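*Asks:* Next comes the structure file final.cif, holding mmCIF, C-alpha atoms.
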```
data_final
#
loop_
_atom_site.group_PDB
_atom_site.id
_atom_site.type_symbol
_atom_site.label_atom_id
_atom_site.label_comp_id
_atom_site.auth_asym_id
_atom_site.auth_seq_id
_atom_site.Cartn_x
_atom_site.Cartn_y
_atom_site.Cartn_z
ATOM 1 C CA MET A 582 114.338 86.092 113.258
ATOM 2 C CA SER A 583 112.759 82.719 113.974
ATOM 3 C CA LEU A 584 109.216 81.919 112.902
ATOM 4 C CA ILE A 585 108.811 79.448 115.772
ATOM 5 C CA ASN A 586 107.675 82.182 118.149
ATOM 6 C CA ASP A 587 105.112 83.390 115.594
ATOM 7 C CA LEU A 588 103.289 80.046 115.364
ATOM 8 C CA ILE A 589 99.860 80.068 116.896
ATOM 9 C CA PRO A 590 100.001 78.109 120.185
ATOM 10 C CA GLU A 591 97.586 75.394 119.032
ATOM 11 C CA VAL A 592 99.729 74.439 116.025
ATOM 12 C CA LYS A 593 102.933 74.583 118.057
ATOM 13 C CA GLU A 594 101.366 72.283 120.654
ATOM 14 C CA LEU A 595 100.383 69.741 117.975
ATOM 15 C CA LEU A 596 103.912 69.813 116.571
ATOM 16 C CA LEU A 597 105.406 69.153 119.986
ATOM 17 C CA THR A 598 102.870 66.362 120.614
ATOM 18 C CA ASP A 599 103.848 64.620 117.365
ATOM 19 C CA GLU A 600 107.567 64.977 118.059
ATOM 20 C CA LYS A 601 107.744 61.480 119.581
ATOM 21 C CA LYS A 602 105.882 59.852 116.661
ATOM 22 C CA TYR A 603 107.727 61.715 113.886
ATOM 23 C CA PRO A 604 111.023 62.955 115.334
ATOM 24 C CA TYR A 605 112.822 63.556 112.018
ATOM 25 C CA LEU A 606 109.898 65.345 110.386
ATOM 26 C CA ILE A 607 109.307 67.635 113.361
ATOM 27 C CA LYS A 608 113.044 68.349 113.665
ATOM 28 C CA LYS A 609 113.121 69.290 109.963
ATOM 29 C CA ILE A 610 110.117 71.592 110.407
ATOM 30 C CA PHE A 611 111.647 73.324 113.432
ATOM 31 C CA THR A 612 114.960 73.725 111.590
ATOM 32 C CA GLU A 613 113.159 75.408 108.707
ATOM 33 C CA LEU A 614 111.193 77.605 111.082
ATOM 34 C CA GLU A 615 114.443 78.705 112.748
ATOM 35 C CA THR A 616 116.108 79.715 109.481
ATOM 36 C CA ALA A 617 113.156 81.228 107.604
ATOM 37 C CA THR A 618 112.452 84.929 107.818
ATOM 38 C CA PHE A 619 108.963 84.938 106.320
ATOM 39 C CA PRO A 620 106.334 82.180 105.893
ATOM 40 C CA PRO A 621 106.872 81.987 102.090
ATOM 41 C CA ASP A 622 110.529 81.057 102.780
ATOM 42 C CA LEU A 623 109.359 77.607 103.962
ATOM 43 C CA THR A 624 109.370 74.623 101.643
ATOM 44 C CA VAL A 625 106.026 73.552 100.232
ATOM 45 C CA GLY A 626 106.150 70.339 102.268
ATOM 46 C CA THR A 627 106.644 72.143 105.561
ATOM 47 C CA ALA A 628 104.007 74.740 104.706
ATOM 48 C CA GLN A 629 101.560 72.011 103.782
ATOM 49 C CA THR A 630 102.240 70.145 107.029
ATOM 50 C CA LEU A 631 101.628 73.293 109.076
ATOM 51 C CA ILE A 632 98.407 73.996 107.171
ATOM 52 C CA GLY A 633 97.374 70.391 107.833
ATOM 53 C CA TYR A 634 97.727 70.976 111.576
ATOM 54 C CA PHE A 635 95.769 74.226 111.193
ATOM 55 C CA ASP A 636 92.969 72.336 109.418
ATOM 56 C CA LEU A 637 92.988 69.592 112.085
ATOM 57 C CA LEU A 638 92.122 72.235 114.639
ATOM 58 C CA ALA A 639 89.122 73.236 112.521
ATOM 59 C CA LEU A 640 90.363 76.818 112.521
ATOM 60 C CA LYS A 641 89.276 79.096 109.715
ATOM 61 C CA ALA A 642 91.382 81.536 107.744
ATOM 62 C CA ASP A 643 89.985 84.614 106.044
ATOM 63 C CA HIS A 644 90.198 82.805 102.716
ATOM 64 C CA ASP A 645 90.792 79.238 101.573
ATOM 65 C CA SER A 646 93.943 79.987 99.553
ATOM 66 C CA PHE A 647 97.210 78.251 100.400
ATOM 67 C CA ILE A 648 99.168 81.405 101.232
ATOM 68 C CA ILE A 649 96.382 82.957 103.329
ATOM 69 C CA LYS A 650 96.123 79.757 105.373
ATOM 70 C CA LEU A 651 99.909 79.688 105.767
ATOM 71 C CA TYR A 652 99.910 83.199 107.197
ATOM 72 C CA ALA A 653 96.996 82.226 109.472
ATOM 73 C CA VAL A 654 99.199 79.482 110.970
ATOM 74 C CA PHE A 655 101.417 82.335 112.175
ATOM 75 C CA GLY A 656 98.523 84.435 113.435
ATOM 76 C CA LYS A 657 98.774 86.992 110.659
#
```
Starting from the file, give its structure as structure tokens.

*Replies:*
Amino acid sequence: MSLINDLIPEVKELLLTDEKKYPYLIKKIFTELETATFPPDLTVGTAQTLIGYFDLLALKADHDSFIIKLYAVFGK
């Protein structure tokens, strides 16, 4: 099961917007999202990038911990 469909729309939109500026990075992220089953299956770098997009949107997670924010990126 791909995690791409679980991304919140705002983060997915930012990823697609940055695809022209950072094609290799975004391709790597999408490849990881396609092969991962659960958010903790992602590499730390990809997880941190996704959380960075989440923070750019000024969205708030229930808690400020890394893993809680990562799950918030997927709307969980």

*Asks:* Near segment 591-603 of chain A, within 9 Å and counting all atoms listed in the file, which residues show up once chain neighbours fewer than 2 positions away are dropped, as an NGL selection string?

*Replies:* :A and (585-586 or 588-589 or 605-608 or 610 or 631-632 or 634-635 or 638 or 654-655)

*Asks:* Return the single residue from A:Leu637, A:Tyr652, A:Val625, A:Asp645 that is closest to Leu584 of chain A, with distances computed using all atoms listed in the file.

*Replies:*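 Ranked by minimum distance to Leu584 of chain A, first place goes to A:Tyr652.
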
*Asks:* Name every residue that the PyMOL selection byres ((chain A and resi 613) around 12) selects in this structure, writing the answer as a list in words with chains first and numbers rising.

*Replies:*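 On this input, the PyMOL selection byres ((chain A and resi 613) around 12) captures Met582, Ser583, Leu584, Ile585, Leu606, Ile607, Lys608, Lys609, Ile610, Phe611, Thr612, Leu614, Glu615, Thr616, Ala617, Thr618, Phe619, Pro620, Pro621, Asp622, Leu623, Thr624, Val625, Gly626, Thr627, Ala628 and Leu631 of chain A.
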
*Asks:* What is the distance between atom CA of Pro590 of chain A and atom CA of Asp643 of chain A, in Å to one decimal?

*Replies:*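 These two atoms are separated by 18.5 Å.
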
*Asks:* Build an axis-aligned box that encloses every atom of segment 584-601 of chain A listed in the file, pad it by 5 Å on each side, and report its centre and edge lengths in Å to one decimal, as JSON.

*Replies:*
```
{"center_x": 103.4, "center_y": 72.4, "center_z": 116.8, "size_x": 21.6, "size_y": 31.9, "size_z": 17.8}
```

*Asks:* Report, in Å to a single decimal, how far apart atom CA of Pro604 of chain A and atom CA of Lys657 of chain A are.

*Replies:* 27.4 Å
